[in-house]
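The structure file entry09.cif is reproduced below (mmCIF, C-alpha atoms).
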```cif
data_start
#
loop_
_atom_site.label_atom_id
_atom_site.label_comp_id
_atom_site.auth_asym_id
_atom_site.auth_seq_id
_atom_site.Cartn_x
_atom_site.Cartn_y
_atom_site.Cartn_z
CA MET A 1 2.06 -13.07 -41.26
CA ALA A 2 1.90 -10.08 -38.98
CA TYR A 3 4.13 -10.22 -35.95
CA THR A 4 2.28 -10.58 -32.65
CA PRO A 5 4.35 -9.61 -29.66
CA GLN A 6 4.27 -12.13 -26.84
CA TYR A 7 5.11 -9.50 -24.16
CA TYR A 8 5.74 -11.90 -21.31
CA PRO A 9 6.67 -15.58 -20.91
CA GLY A 10 4.88 -18.13 -18.76
CA ALA A 11 1.89 -20.44 -18.83
CA SER A 12 0.06 -19.72 -15.56
CA HIS A 13 -2.90 -17.36 -15.32
CA ILE A 14 -0.59 -14.82 -13.65
CA ALA A 15 1.54 -14.73 -16.80
CA VAL A 16 -1.60 -14.48 -18.93
CA ASN A 17 -2.78 -11.50 -16.85
CA ARG A 18 0.63 -9.87 -17.17
CA ARG A 19 0.43 -10.24 -20.94
CA LYS A 20 -3.06 -8.76 -20.90
CA HIS A 21 -1.97 -5.72 -18.93
CA MET A 22 1.04 -5.11 -21.16
CA SER A 23 -0.89 -5.52 -24.40
CA GLY A 24 -3.79 -3.35 -23.25
CA ASP A 25 -6.24 -6.17 -24.01
CA ILE A 26 -8.05 -5.70 -20.70
CA GLU A 27 -11.64 -6.07 -19.69
CA LYS A 28 -13.71 -3.04 -18.71
CA LEU A 29 -15.47 -3.77 -15.43
CA ARG A 30 -17.02 -0.48 -14.36
CA THR A 31 -17.90 3.00 -15.56
CA VAL A 32 -16.71 6.12 -13.79
CA SER A 33 -17.95 9.40 -15.20
CA ASP A 34 -15.45 12.00 -16.38
CA ASP A 35 -16.57 14.48 -13.73
CA ASP A 36 -16.23 11.90 -10.97
CA MET A 37 -12.73 10.99 -12.06
CA VAL A 38 -11.69 14.64 -12.39
CA ALA A 39 -12.99 15.28 -8.86
CA ALA A 40 -11.07 12.25 -7.54
CA LEU A 41 -7.89 13.44 -9.24
CA GLY A 42 -8.27 16.91 -7.73
CA HIS A 43 -6.33 18.87 -10.33
CA ARG A 44 -9.20 21.02 -11.60
CA ALA A 45 -12.90 21.53 -10.87
CA PRO A 46 -15.16 19.05 -12.69
CA GLY A 47 -16.52 20.62 -15.85
CA ALA A 48 -13.92 23.42 -15.89
CA ASP A 49 -11.78 24.10 -18.95
CA TYR A 50 -8.30 22.66 -19.10
CA PRO A 51 -5.88 25.36 -17.93
CA SER A 52 -3.02 25.77 -20.39
CA ILE A 53 0.63 26.68 -20.07
CA HIS A 54 1.12 27.72 -23.68
CA PRO A 55 -1.09 28.58 -26.66
CA PRO A 56 -2.23 25.72 -28.91
CA LEU A 57 0.65 24.48 -31.08
CA LYS A 58 -1.15 25.49 -34.27
CA GLU A 59 -1.24 29.11 -33.11
CA MET A 60 2.33 29.12 -31.82
CA GLY A 61 4.09 28.36 -35.06
CA GLU A 62 6.68 25.69 -34.43
CA PRO A 63 10.29 25.82 -35.59
CA ASP A 64 11.29 23.89 -38.69
CA CYS A 65 12.23 20.57 -37.10
CA PRO A 66 12.09 17.13 -38.78
CA ILE A 67 11.21 15.39 -35.50
CA ARG A 68 8.25 17.70 -34.89
CA GLN A 69 7.10 17.02 -38.44
CA MET A 70 7.33 13.27 -37.95
CA VAL A 71 5.69 13.03 -34.51
CA GLU A 72 2.08 14.01 -34.24
CA PRO A 73 1.49 15.80 -30.92
CA THR A 74 -0.93 14.26 -28.43
CA PRO A 75 -4.24 16.09 -27.89
CA GLY A 76 -2.95 17.50 -24.59
CA ALA A 77 0.28 18.75 -26.11
CA SER A 78 -1.44 20.38 -29.09
CA ALA A 79 -3.85 22.19 -26.75
CA GLY A 80 -1.06 23.34 -24.43
CA ASP A 81 -2.32 21.54 -21.30
CA ARG A 82 -0.50 21.55 -18.01
CA VAL A 83 1.45 18.43 -17.00
CA ARG A 84 -0.44 16.66 -14.22
CA TYR A 85 -0.20 13.28 -12.53
CA SER A 86 -2.23 10.31 -11.42
CA GLN A 87 -0.84 7.83 -8.94
CA PHE A 88 -2.08 4.34 -8.13
CA THR A 89 -1.30 2.09 -5.20
CA ASP A 90 -1.83 -1.67 -5.36
CA SER A 91 -2.05 -3.92 -2.35
CA MET A 92 0.42 -6.79 -2.09
CA TYR A 93 -2.55 -8.99 -1.11
CA SER A 94 -3.42 -10.12 -4.65
CA ALA A 95 -4.27 -6.73 -6.16
CA PRO A 96 -4.99 -7.09 -9.89
CA SER A 97 -2.03 -5.01 -11.00
CA VAL A 98 1.39 -4.00 -9.73
CA PRO A 99 3.41 -0.84 -10.41
CA TYR A 100 5.60 -2.48 -13.08
CA PHE A 101 2.65 -3.68 -15.14
CA ARG A 102 0.82 -0.40 -14.77
CA SER A 103 3.91 1.26 -16.21
CA TYR A 104 4.19 -1.25 -19.04
CA TYR A 105 0.49 -0.67 -19.77
CA ALA A 106 0.91 3.10 -19.87
CA ALA A 107 4.14 3.15 -21.84
CA ILE A 108 3.07 0.57 -24.45
CA ASN A 109 -0.51 1.68 -25.00
CA PHE A 110 -0.48 5.46 -24.59
CA ARG A 111 1.51 8.27 -26.17
CA GLY A 112 3.05 11.18 -24.33
CA VAL A 113 2.95 9.60 -20.88
CA ASP A 114 5.81 9.44 -18.41
CA PRO A 115 5.28 6.47 -16.08
CA GLY A 116 7.24 6.29 -12.86
CA THR A 117 7.55 2.93 -11.14
CA LEU A 118 8.17 2.65 -7.42
CA SER A 119 7.85 -0.21 -4.98
CA GLY A 120 4.45 0.73 -3.66
CA ARG A 121 3.07 3.22 -6.11
CA GLN A 122 3.00 4.01 -9.77
CA ILE A 123 2.74 7.52 -11.11
CA VAL A 124 1.93 8.70 -14.61
CA GLU A 125 2.79 12.24 -15.61
CA ALA A 126 1.39 13.60 -18.83
CA ARG A 127 -0.49 16.51 -20.31
CA GLU A 128 -3.72 16.78 -18.37
CA ARG A 129 -6.17 15.34 -20.89
CA ASP A 130 -3.73 12.59 -21.93
CA MET A 131 -3.23 11.66 -18.29
CA GLU A 132 -6.99 11.59 -17.72
CA GLU A 133 -7.50 9.28 -20.70
CA GLN A 134 -4.92 6.82 -19.36
CA CYS A 135 -6.16 7.12 -15.77
CA LYS A 136 -9.78 6.51 -16.77
CA ALA A 137 -8.85 3.43 -18.76
CA SER A 138 -6.91 2.02 -15.78
CA LEU A 139 -9.61 2.89 -13.27
CA GLU A 140 -12.45 1.32 -15.22
CA SER A 141 -10.64 -1.83 -16.22
CA GLU A 142 -9.77 -5.12 -14.55
CA MET A 143 -6.40 -3.60 -13.60
CA THR A 144 -8.06 -1.92 -10.65
CA CYS A 145 -10.06 -3.40 -7.79
CA PRO A 146 -11.49 -0.50 -5.78
CA ALA A 147 -10.75 -2.28 -2.47
CA LEU A 148 -7.23 -3.49 -3.30
CA ALA A 149 -6.02 -0.53 -5.36
CA GLY A 150 -6.64 3.15 -5.35
CA LEU A 151 -5.79 6.61 -6.53
CA ARG A 152 -3.39 7.90 -3.92
CA GLY A 153 -1.24 10.95 -4.47
CA CYS A 154 0.43 10.52 -1.07
CA THR A 155 0.55 8.18 1.96
CA VAL A 156 0.63 4.94 0.00
CA HIS A 157 2.03 2.69 2.72
CA GLY A 158 -1.21 0.67 2.97
CA HIS A 159 -0.03 -1.39 -0.02
CA SER A 160 2.25 -3.50 2.18
CA LEU A 161 -0.03 -3.77 5.21
CA ARG A 162 -2.58 -6.41 6.01
CA LEU A 163 -6.10 -5.77 4.78
CA ALA A 164 -8.82 -4.53 7.10
CA GLU A 165 -11.56 -6.87 8.31
CA ASP A 166 -13.86 -5.71 5.51
CA GLY A 167 -11.21 -6.49 2.89
CA MET A 168 -10.20 -2.88 2.19
CA MET A 169 -6.55 -1.91 1.83
CA PHE A 170 -5.46 0.29 4.75
CA ASP A 171 -5.52 3.99 4.00
CA MET A 172 -4.32 6.40 6.64
CA LEU A 173 -6.36 9.19 5.00
CA GLN A 174 -9.43 6.99 4.34
CA ARG A 175 -10.06 8.27 0.84
CA THR A 176 -12.36 5.32 0.16
CA HIS A 177 -14.80 3.36 2.28
CA LEU A 178 -17.38 0.62 1.86
CA GLU A 179 -20.96 1.79 1.71
CA GLY A 180 -23.76 -0.62 0.87
CA GLY A 181 -21.34 -3.08 -0.71
CA ASN A 182 -19.81 -0.45 -3.00
CA VAL A 183 -16.52 1.36 -2.61
CA ILE A 184 -17.12 5.09 -2.32
CA GLU A 185 -14.39 7.68 -2.78
CA ASP A 186 -15.16 10.98 -1.06
CA LYS A 187 -11.69 12.52 -1.03
CA ASP A 188 -9.32 13.40 -3.82
CA GLN A 189 -5.89 11.83 -4.38
CA VAL A 190 -4.23 13.85 -1.63
CA GLY A 191 -6.94 13.49 1.02
CA VAL A 192 -8.90 16.72 0.50
CA PRO A 193 -12.67 16.09 0.77
CA ILE A 194 -14.63 16.50 -2.47
CA ASP A 195 -18.25 17.54 -2.82
CA ARG A 196 -19.44 14.23 -4.23
CA LYS A 197 -19.36 10.53 -3.57
CA VAL A 198 -17.61 8.76 -6.40
CA ASN A 199 -18.95 5.22 -6.70
CA LEU A 200 -16.12 2.90 -7.76
CA GLY A 201 -18.31 -0.19 -7.73
CA LYS A 202 -18.13 -3.46 -5.88
CA PRO A 203 -14.81 -4.82 -4.66
CA MET A 204 -13.57 -8.07 -6.16
CA SER A 205 -14.12 -11.20 -4.12
CA GLU A 206 -11.02 -12.95 -2.81
CA GLU A 207 -11.34 -15.64 -5.48
CA GLU A 208 -11.76 -13.14 -8.28
CA ALA A 209 -8.81 -11.06 -7.08
CA LYS A 210 -6.64 -14.18 -7.07
CA LYS A 211 -7.87 -14.98 -10.57
CA ARG A 212 -7.10 -11.51 -11.95
CA THR A 213 -3.89 -10.79 -10.05
CA THR A 214 -0.48 -10.32 -11.63
CA ILE A 215 1.34 -11.13 -8.40
CA TYR A 216 3.19 -14.39 -7.87
CA ARG A 217 2.61 -15.35 -4.24
CA THR A 218 3.35 -18.42 -2.14
CA ASP A 219 -0.36 -18.68 -1.34
CA GLY A 220 -1.24 -18.54 -5.03
CA VAL A 221 0.94 -19.32 -8.03
CA LYS A 222 4.56 -19.50 -6.90
CA TYR A 223 7.21 -17.74 -8.97
CA ARG A 224 9.37 -20.87 -8.72
CA ASP A 225 6.59 -22.85 -10.40
CA GLU A 226 6.93 -20.85 -13.61
CA PRO A 227 9.96 -22.37 -15.41
CA GLU A 228 9.62 -20.32 -18.59
CA VAL A 229 9.63 -17.03 -16.68
CA LEU A 230 12.58 -18.11 -14.55
CA ASP A 231 14.50 -19.20 -17.64
CA HIS A 232 13.82 -15.89 -19.35
CA VAL A 233 14.84 -13.85 -16.31
CA HIS A 234 18.06 -15.88 -16.05
CA LEU A 235 18.76 -15.32 -19.72
CA VAL A 236 18.32 -11.54 -19.42
CA HIS A 237 20.39 -11.50 -16.25
CA HIS A 238 23.18 -13.56 -17.82
CA ARG A 239 23.38 -11.45 -20.95
CA ARG A 240 23.24 -8.19 -19.03
CA THR A 241 25.87 -9.30 -16.51
CA MET A 242 28.31 -10.94 -18.93
CA TYR A 243 27.88 -8.79 -22.01
CA GLY A 244 26.70 -5.44 -20.69
CA TYR A 245 25.35 -3.31 -23.48
CA ARG A 246 26.22 -5.88 -26.19
CA PRO A 247 23.92 -8.83 -25.39
CA GLU A 248 23.86 -9.81 -29.06
CA THR A 249 27.50 -10.93 -28.76
CA ALA A 250 26.58 -13.65 -26.25
CA ALA A 251 27.64 -16.73 -28.26
CA GLU A 252 26.16 -19.31 -25.88
CA THR A 253 22.73 -17.72 -26.05
CA ALA A 254 22.76 -16.84 -29.76
CA PRO A 255 19.86 -17.95 -31.95
CA GLY A 256 20.35 -21.48 -33.24
CA VAL A 257 22.52 -22.87 -30.44
CA GLY A 258 19.57 -24.56 -28.81
CA PRO A 259 17.94 -24.11 -25.45
CA VAL A 260 20.04 -22.58 -22.73
CA THR A 261 19.31 -23.85 -19.25
CA TYR A 262 20.18 -22.09 -16.05
CA LYS A 263 20.14 -23.68 -12.67
CA THR A 264 17.74 -22.15 -10.21
CA VAL A 265 19.46 -21.33 -6.96
CA MET B 266 22.49 -9.15 27.64
CA ALA B 267 18.95 -9.60 28.93
CA THR B 268 18.39 -12.96 30.53
CA THR B 269 14.92 -14.40 30.90
CA LEU B 270 14.31 -16.12 34.21
CA ASP B 271 11.57 -18.62 35.06
CA THR B 272 10.18 -16.09 37.48
CA ASP B 273 9.81 -13.43 34.76
CA PRO B 274 6.30 -12.84 33.47
CA VAL B 275 5.45 -14.45 30.13
CA GLN B 276 4.68 -12.33 27.09
CA TYR B 277 2.55 -13.09 24.03
CA GLU B 278 1.89 -11.50 20.72
CA ILE B 279 -1.38 -11.88 18.82
CA PHE B 280 -0.95 -11.23 15.11
CA PRO B 281 -4.28 -11.43 13.25
CA GLN B 282 -4.31 -11.83 9.48
CA ARG B 283 -6.59 -8.80 9.18
CA MET B 284 -6.29 -5.44 10.91
CA LEU B 285 -9.00 -5.07 13.51
CA ASN B 286 -11.96 -2.71 13.53
CA PRO B 287 -12.36 -0.63 16.69
CA SER B 288 -15.33 -2.74 17.81
CA SER B 289 -13.40 -6.00 17.39
CA ALA B 290 -10.38 -4.50 19.13
CA GLN B 291 -12.57 -3.35 22.02
CA GLU B 292 -14.13 -6.78 22.35
CA LEU B 293 -10.75 -8.52 22.27
CA LEU B 294 -9.12 -6.15 24.76
CA ASN B 295 -12.03 -6.51 27.17
CA ARG B 296 -11.83 -10.28 26.99
CA LEU B 297 -8.05 -10.22 27.49
CA GLU B 298 -8.42 -7.89 30.42
CA GLN B 299 -10.65 -10.43 32.16
CA ILE B 300 -8.00 -13.16 32.05
CA LYS B 301 -6.52 -13.58 35.51
CA GLY B 302 -2.85 -12.69 35.66
CA VAL B 303 -2.64 -10.37 32.65
CA THR B 304 -0.71 -7.31 33.75
CA ARG B 305 0.04 -5.34 30.59
CA VAL B 306 -1.57 -5.11 27.14
CA LEU B 307 -0.24 -3.03 24.26
CA VAL B 308 -1.82 -2.45 20.85
CA GLN B 309 0.32 -1.63 17.85
CA GLY B 310 -0.50 -0.67 14.27
CA PRO B 311 -0.28 2.07 11.69
CA ARG B 312 -1.07 5.52 13.01
CA LEU B 313 -4.33 7.29 12.22
CA PRO B 314 -3.51 10.98 12.04
CA LEU B 315 -5.99 13.72 12.89
CA THR B 316 -4.94 15.79 9.89
CA VAL B 317 -3.22 15.08 6.59
CA PRO B 318 0.47 15.16 7.61
CA TYR B 319 2.04 16.13 4.29
CA GLY B 320 1.35 16.79 0.64
CA PRO B 321 -0.87 19.42 -0.96
CA GLY B 322 -3.68 18.59 1.47
CA LYS B 323 -1.53 19.12 4.58
CA GLY B 324 -3.59 20.15 7.60
CA VAL B 325 -6.95 18.98 6.26
CA PRO B 326 -8.91 16.92 8.87
CA VAL B 327 -8.93 13.17 8.14
CA ASP B 328 -11.91 11.99 10.26
CA HIS B 329 -10.88 8.35 10.04
CA THR B 330 -13.69 6.06 11.16
CA ALA B 331 -11.19 3.70 12.80
CA ARG B 332 -10.11 6.46 15.18
CA GLU B 333 -12.83 5.68 17.67
CA ILE B 334 -13.24 5.97 21.38
CA ILE B 335 -13.24 2.52 22.97
CA ARG B 336 -13.92 1.33 26.49
CA VAL B 337 -11.64 -1.28 28.01
CA GLY B 338 -12.55 -2.30 31.55
CA ASP B 339 -13.21 0.94 33.36
CA GLN B 340 -11.01 3.03 31.07
CA VAL B 341 -12.09 5.03 28.05
CA MET B 342 -9.48 5.81 25.41
CA GLU B 343 -9.25 7.02 21.84
CA LEU B 344 -7.66 4.58 19.40
CA GLN B 345 -4.83 6.35 17.62
CA VAL B 346 -3.80 3.34 15.54
CA LYS B 347 -5.46 0.74 13.40
CA VAL B 348 -4.99 -2.30 15.61
CA GLY B 349 -2.59 -4.66 13.87
CA ARG B 350 -1.05 -6.64 16.71
CA ILE B 351 -1.63 -7.04 20.41
CA ARG B 352 1.13 -7.74 22.89
CA LEU B 353 0.41 -8.78 26.41
CA GLU B 354 2.23 -9.80 29.55
CA ALA B 355 0.93 -12.19 32.17
CA GLU B 356 2.23 -13.51 35.46
CA THR B 357 1.32 -17.08 34.56
CA ASP B 358 0.98 -19.14 31.40
CA VAL B 359 -2.33 -18.03 29.83
CA MET B 360 -1.59 -19.01 26.24
CA GLU B 361 -4.50 -21.40 25.91
CA GLU B 362 -6.99 -18.89 27.32
CA VAL B 363 -5.75 -16.28 24.85
CA ARG B 364 -5.93 -18.77 21.99
CA ALA B 365 -9.49 -19.71 22.92
CA ILE B 366 -10.57 -16.06 22.89
CA CYS B 367 -8.90 -15.42 19.52
CA ASP B 368 -10.48 -18.57 18.05
CA GLU B 369 -13.86 -17.36 19.19
CA LEU B 370 -13.56 -13.75 18.06
CA PHE B 371 -11.59 -13.91 14.81
CA THR B 372 -13.17 -15.13 11.60
CA PHE B 373 -9.73 -15.19 9.99
CA PRO B 374 -6.43 -16.90 10.84
CA PHE B 375 -4.07 -15.44 13.42
CA GLU B 376 -0.66 -16.10 14.91
CA LEU B 377 -0.07 -16.39 18.62
CA LYS B 378 3.54 -16.30 19.74
CA GLU B 379 5.29 -16.41 23.08
CA GLY B 380 8.45 -14.37 23.41
CA LEU B 381 9.94 -11.12 24.65
CA PHE B 382 7.91 -8.29 23.15
CA LEU B 383 7.84 -5.66 25.89
CA ARG B 384 11.25 -4.73 27.22
CA ARG B 385 12.15 -5.24 30.86
CA LYS B 386 15.17 -2.95 31.08
CA ALA B 387 15.33 0.79 30.57
CA THR B 388 16.92 2.04 27.37
CA VAL B 389 18.62 5.37 26.77
CA THR B 390 15.31 6.66 25.43
CA ASP B 391 13.60 5.59 28.63
CA TYR B 392 16.31 7.38 30.60
CA ALA B 393 15.61 10.55 28.64
CA LYS B 394 11.87 10.18 29.11
CA TYR B 395 11.62 9.03 32.70
CA GLY B 396 15.01 9.60 34.31
CA PRO B 397 17.40 7.18 36.04
CA ASP B 398 16.06 3.66 36.50
CA GLU B 399 16.24 3.76 40.31
CA GLN B 400 14.01 6.83 40.38
CA VAL B 401 11.26 5.28 38.23
CA GLU B 402 8.57 3.94 40.55
CA ASP B 403 6.43 2.09 38.00
CA LYS B 404 8.81 0.13 35.79
CA SER B 405 5.94 -1.41 33.85
CA ILE B 406 5.87 1.78 31.79
CA TYR B 407 8.98 0.60 29.91
CA GLY B 408 8.05 -0.46 26.38
CA MET B 409 4.49 0.74 26.71
CA THR B 410 4.79 4.16 25.13
CA ASP B 411 5.02 5.43 21.62
CA PRO B 412 8.71 5.54 20.60
CA SER B 413 8.05 8.54 18.37
CA MET B 414 6.55 10.54 21.22
CA THR B 415 8.01 14.04 21.26
CA PRO B 416 10.86 14.26 23.75
CA THR B 417 9.60 17.53 25.18
CA SER B 418 6.34 15.96 26.30
CA ARG B 419 7.87 13.72 28.97
CA ILE B 420 11.51 14.59 29.46
CA CYS B 421 13.73 13.80 32.41
CA GLU B 422 14.39 17.02 34.27
CA SER B 423 18.14 16.50 34.37
CA CYS B 424 18.23 16.20 30.58
CA VAL B 425 16.24 19.27 29.71
CA ASP B 426 19.19 21.63 29.64
CA THR B 427 21.36 19.46 27.41
CA ARG B 428 18.57 18.78 24.97
CA GLU B 429 17.66 22.39 24.59
#
```

Translate this structure into structure tokens?
Amino acid sequence: MAYTPQYYPGASHIAVNRRKHMSGDIEKLRTVSDDDMVAALGHRAPGADYPSIHPPLKEMGEPDCPIRQMVEPTPGASAGDRVRYSQFTDSMYSAPSVPYFRSYYAAINFRGVDPGTLSGRQIVEARERDMEEQCKASLESEMTCPALAGLRGCTVHGHSLRLAEDGMMFDMLQRTHLEGGNVIEDKDQVGVPIDRKVNLGKPMSEEEAKKRTTIYRTDGVKYRDEPEVLDHVHLVHHRRTMYGYRPETAAETAPGVGPVTYKTV
Amino acid sequence: MATTLDTDPVQYEIFPQRMLNPSSAQELLNRLEQIKGVTRVLVQGPRLPLTVPYGPGKGVPVDHTAREIIRVGDQVMELQVKVGRIRLEAETDVMEEVRAICDELFTFPFELKEGLFLRRKATVTDYAKYGPDEQVEDKSIYGMTDPSMTPTSRICESCVDTRE
């Protein structure tokens, strides 16, 4: 039988959503055209060629290296694309994703990406066309609610602030706004106006956001109500604290000794 | 240590669960202004800059729709923040009047607290901005200004030399 990774413990819908984000088994909710996304990212003009920093690998002639022979280069690397970034911010008010799970999603499901996880933002650096592929998948999927998350290259502090009256996450640079029930983006990641209105679709309702969120909150599913997750976190913490880089030597948590219980403080 | 006396004015803080639109903020401030005994009202929230302050787009105009001109009483002012909380001071207990207004205007929950939110004594920063306490005629200015205001904009004359 083929091994199916579980990815994340827990029985609540939050844990299920976390597993979905990590595994990449996510629902596509909207369509954003390539040109619209490129305009929103602001790295190159929509429709323009990808600028390159070196000739295509096939033309360069690579050195005789076993690693290079084993690892197939990503499309961006073989074409010699520049390294560019996309950065998402997710509101703490039940946004569908959080920086950690965006990073898990990128690192597990895409090659050649360098995710960076911070408290309020999550950045992915990669060759331009690889980054765009990952960014488009995130933007169009259930990981992103246009009102509660957004592409923000800077000034991300709205993630921890209360929502506005219309349910939008605060943005000092107002890159997005509600127009006729849809969220419209008319500035790029860093707040420079673009010559088009990118329609990101309808925002999720409060109920839907709570259903799709990966955030444990006291007004939703409490972290303390998830015994399997707590037990797993305690196990990792115990092994890491007591056994450092040799967790397999932890006799009391070795396979076959039975369940290990930790008291929740 | 600051001691609160019974004769001191009472202070309240309104903390709505959502940040207010300029129109809602204007409506609320106008209603608060009409309560008898309210002497000071301060709005606080995240700043709305005129231009992008940093990053590759530095200097580009923002044109935030929440940065609107509002009219409170007979005064017209430009909102420079997204209104997140409102602090007010009154000579008498007006908590129930304030609560009634908030209940009427807000479609979402809010917190209303009584406490000390606007300082009554001058701090070192106030000294630098306005000069020695005994020379300040209107002491209600304490706690009402932006703490990140540039020192050169309102500096005490006796401090200018040392600061420069």

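Any residue of chain B with an atom no more than 8 Å from chain A counts as a contact; using all atoms listed in the file, that gives Gln282, Arg283, Met284, Leu285, Asn286, Pro311, Arg312, Leu313, Pro314, Val317, Tyr319, Gly320, Pro321, Gly322, Val325, Val327 and His329 of chain B.
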
Atoms kept (C-alpha atoms) for selection, written as a short mmCIF file (atom, residue, chain, number, x, y, z; two decimals), in the coordinates of the input:
```
data_model
loop_
_atom_site.label_atom_id
_atom_site.label_comp_id
_atom_site.auth_asym_id
_atom_site.auth_seq_id
_atom_site.Cartn_x
_atom_site.Cartn_y
_atom_site.Cartn_z
CA GLN B 282 -4.31 -11.83 9.48
CA ARG B 283 -6.59 -8.80 9.18
CA MET B 284 -6.29 -5.44 10.91
CA LEU B 285 -9.00 -5.07 13.51
CA ASN B 286 -11.96 -2.71 13.53
CA PRO B 311 -0.28 2.07 11.69
CA ARG B 312 -1.07 5.52 13.01
CA LEU B 313 -4.33 7.29 12.22
CA PRO B 314 -3.51 10.98 12.04
CA VAL B 317 -3.22 15.08 6.59
CA TYR B 319 2.04 16.13 4.29
CA GLY B 320 1.35 16.79 0.64
CA PRO B 321 -0.87 19.42 -0.96
CA GLY B 322 -3.68 18.59 1.47
CA VAL B 325 -6.95 18.98 6.26
CA VAL B 327 -8.93 13.17 8.14
CA HIS B 329 -10.88 8.35 10.04
#
```

Which of A:Ser94, A:Met1, A:Val124, A:Ser141 sits closest to Val221 in chain A [using only C-alpha atoms]:
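Looking only at the distances to Val221 in chain A, the closest residue turns out to be A:Ser94.
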
Test item: residues at most 7 Å from Ala77 in chain A, all atoms listed in the file, excluding those fewer than 4 positions along its chain, as a list in words
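Within the cut-off, the hits are Pro73, Asp81 and Arg127 of chain A.
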
Any chance you could export the current selection's C-alpha atoms as a PDB file, in the coordinates of the input?
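File written: result.pdb
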```pdb
ATOM      1  CA  PRO A  73       1.490  15.800 -30.920  1.00  0.00           C
ATOM      2  CA  ASP A  81      -2.320  21.540 -21.300  1.00  0.00           C
ATOM      3  CA  ARG A 127      -0.490  16.510 -20.310  1.00  0.00           C
TER       4      ARG A 127
END
```

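The coordinates place CA of Tyr105 in chain A at 14.0 Å from CA of Val16 in chain A.
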
Could you expand the PyMOL selection byres ((chain A and resi 120) around 8) into the explicit residues it covers here, written as a VMD selection string?
chain A and resid 89 to 90 99 118 to 119 121 to 122 156 to 157 159 to 160

Could you tell me which residues the PyMOL selection byres ((chain B and resi 408-411) around 9) grabs in this file, written as an NGL selection string?
:B and (305-307 or 382-387 or 391 or 405-407 or 412-414)

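With the shown file loaded, the PyMOL selection byres ((chain B and resi 356-372) around 6) picks out Pro274, Gly302, Ala355 and Phe373 of chain B.
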